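Reading through the structure tokens given below for one structure.
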Amino acid sequence: MAGLVSASVEKRLRALEDRAEIAELISRYGPAVDSGDGDAARALWADDGTYTFEDVTLDADGIRTLTEFPTHQGYMRAGCAHVISAPHITISGDTAVAITHSVVLIHGDGRWEAERVSANRWELVRTADGWRVACRRNHLLDGDAKARALLAD
Amino acid sequence: MAGLVSASVEKRLRALEDRAEIAELISRYGPAVDSGDGDAARALWADDGTYTFEDVTLDADGIRTLTEFPTHQGYMRAGCAHVISAPHITISGDTAVAITHSVVLIHGDGRWEAERVSANRWELVRTADGWRVACRRNHLLDGDAKARALLAD
Amino acid sequence: MAGLVSASVEKRLRALEDRAEIAELISRYGPAVDSGDGDAARALWADDGTYTFEDVTLDADGIRTLTEFPTHQGYMRAGCAHVISAPHITISGDTAVAITHSVVLIHGDGRWEAERVSANRWELVRTADGWRVACRRNHLLDGDAKARALLAD
């Protein structure tokens, strides 16, 4: 008996696990980059994954070195928090899309300022090792229609 | 065998699904209004649902046109992010209450400012189409006791 | 039949429930302190639990009176929001670690400012009454390496 799981229960468990795993994956991004751990950030992406913000596209190696960029090093020295909102997740079999906001808070003069506020669209893929980011696209929410398009269903 | 699910497993699955579905429902609000999609915002509410902030109460039709309000149009032109915190959810059968904070960040002069920070109390109801918002009440966290009351259990 | 749950299904349900319960526990902190309910904040911790921020460590009784501190009373009078990000959770049997950011927004002059932005490390323990906080440690993300260390895996 012990190995018997009804198809319906299996499907429902899998749906819940997929959603929890994707939320967990995304939740690791902020702590990874704010602690300067490029390998931990890289590990969220598939091997052929990409991360695009404004006119820059990084591949997996680029993501691994993201925390070494002068801008990011400056953020860490000042004190920074990359805060990502609870994701809106749509799963379709072995792929998924998650929509979030990200807010980068930077310390200065005893205050934190929202230096960057972006729309984020995460395209995810189920791999042999679990869900990974295939493509993340960010755009600053500065009034540009491109940012609004990333948030649309 | 395939259709057989123990009452206990069914109950536990349902509790997990309810919680995941409510969190997902709430997560869709920010992307809907920040992308100017009033229909998507409206779809979160039950047909007789309401949304009250300060001294304004909108019905479902009002919620559908929320993104067309001059204030909201101005927010979108400037660049805006309606960020909602991970919800504290209490489920009681076919109704539920979710408590969140909402932060509206508006772009200007290369920075984003927290223009509105509110306490949110979402009363939810299980409908034939899934969980929907019956009533959402917001109050600015500006020191007014009414806002604190919305956050209380 | 009704009471029979396979070991595998039980394990998967438990893993999902643990994660949901811990996320829910953490989500209650902000509403508790922003509504001035010290008992609700205290209830999140184990009886021998602690909360450390900068060079202060509170025990469970201290956490219960946290909302009565003059600083916190001033925050509530001005209007405050303790917003906590969606947690990165790692569960190991009957203990768990959750990593979050916390942002304390304070009202003044018609705006809200990020008065405190911290790295948070929550150590949790499964008790007879469910998951509770054994130890929460905060550090301001002001450039200090100690804050970054709290975010590291």
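Within each chain, counting starts at residue 1; across the structure tokens, chains are named A, B, ... in the order shown, with ligands numbered 1 upward in that order.
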**Report entry** Within 10 Å of A:Asp61 using only C-alpha atoms, minus same-chain residues under 6 positions, as a PyMOL selection string
**Finding:** chain A and resi 38-39+42+47-50
Query raised in the report: Taking only C-alpha atoms into account, which residues of chain A are within 8 Å of chain B, as a ChimeraX atom specification?
Result: /A:5-9,12-13,16,85-89,99-101,113-118,141-144,148-149,151-152
Create the file for the chosen residues now, containing C-alpha atoms and written as a CSV table (one decimal), in the first residue's frame.
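File produced: again-v6.csv:
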```csv
chain,number,residue,atom,x,y,z
A,5,VAL,CA,-0.8,7.5,-4.5
A,6,SER,CA,-3.9,8.3,-6.5
A,7,ALA,CA,-3.3,10.2,-9.7
A,8,SER,CA,-5.4,13.0,-8.4
A,9,VAL,CA,-3.5,13.3,-5.1
A,12,ARG,CA,-2.4,18.2,-6.4
A,13,LEU,CA,0.7,17.6,-4.4
A,16,LEU,CA,1.5,22.7,-4.5
A,85,SER,CA,7.6,41.0,-3.6
A,86,ALA,CA,5.6,37.8,-3.1
A,87,PRO,CA,5.3,36.4,-6.6
A,88,HIS,CA,2.3,36.0,-8.9
A,89,ILE,CA,3.0,32.5,-10.4
A,99,ILE,CA,5.7,38.3,-11.9
A,100,THR,CA,7.2,40.4,-9.1
A,101,HIS,CA,8.3,43.9,-8.1
A,113,GLU,CA,16.3,55.4,-0.4
A,114,ALA,CA,14.5,53.3,-3.1
A,115,GLU,CA,17.3,53.6,-5.7
A,116,ARG,CA,15.7,51.2,-8.2
A,117,VAL,CA,12.1,50.0,-8.4
A,118,SER,CA,11.5,47.5,-11.2
A,141,LEU,CA,9.1,51.5,-13.2
A,142,ASP,CA,9.9,55.0,-14.3
A,143,GLY,CA,6.8,55.6,-16.5
A,144,ASP,CA,8.1,53.6,-19.5
A,148,ARG,CA,4.2,47.9,-17.5
A,149,ALA,CA,4.2,45.3,-20.3
A,151,LEU,CA,3.7,43.1,-15.4
A,152,ALA,CA,0.8,42.2,-17.8
```
Query raised in the report: Any idea what's packed within 9 Å of C:Thr95, counting only C-alpha atoms, ignoring anything in its chain fewer than 3 positions away? Could you give it as a PyMOL selection string?
Result: chain C and resi 90-92+123-126+131
**Report entry** helix (DSSP H, G or I) positions in chain B, given as a PyMOL selection string
**Finding:** chain B and resi 7-27+29-34+38-42+60-64+66-68+70-78+145-151
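For the residues C:Leu58, C:Thr52, C:Thr127, C:Asp94, ranking by smallest atom-to-atom distance to C:Ala15 using only C-alpha atoms places C:Asp94 first.
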Requested in this report: Please report, as a PyMOL selection string, each residue of stretch 17-127 of chain B to which DSSP assigns strand (DSSP E) when run on this structure's backbone.
Outcome: chain B and resi 45-53+56-59+80-84+88-92+95-108+111-127
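Pairwise distance (atom CA of A:Ala41, atom CA of A:Leu140) equals 20.4 Å.
Atom CA of A:His139 sits 5.8 Å away from atom CA of A:Phe53.
Separating atom CA of C:Arg19 from atom CA of C:Ala98 is a distance of 9.9 Å.
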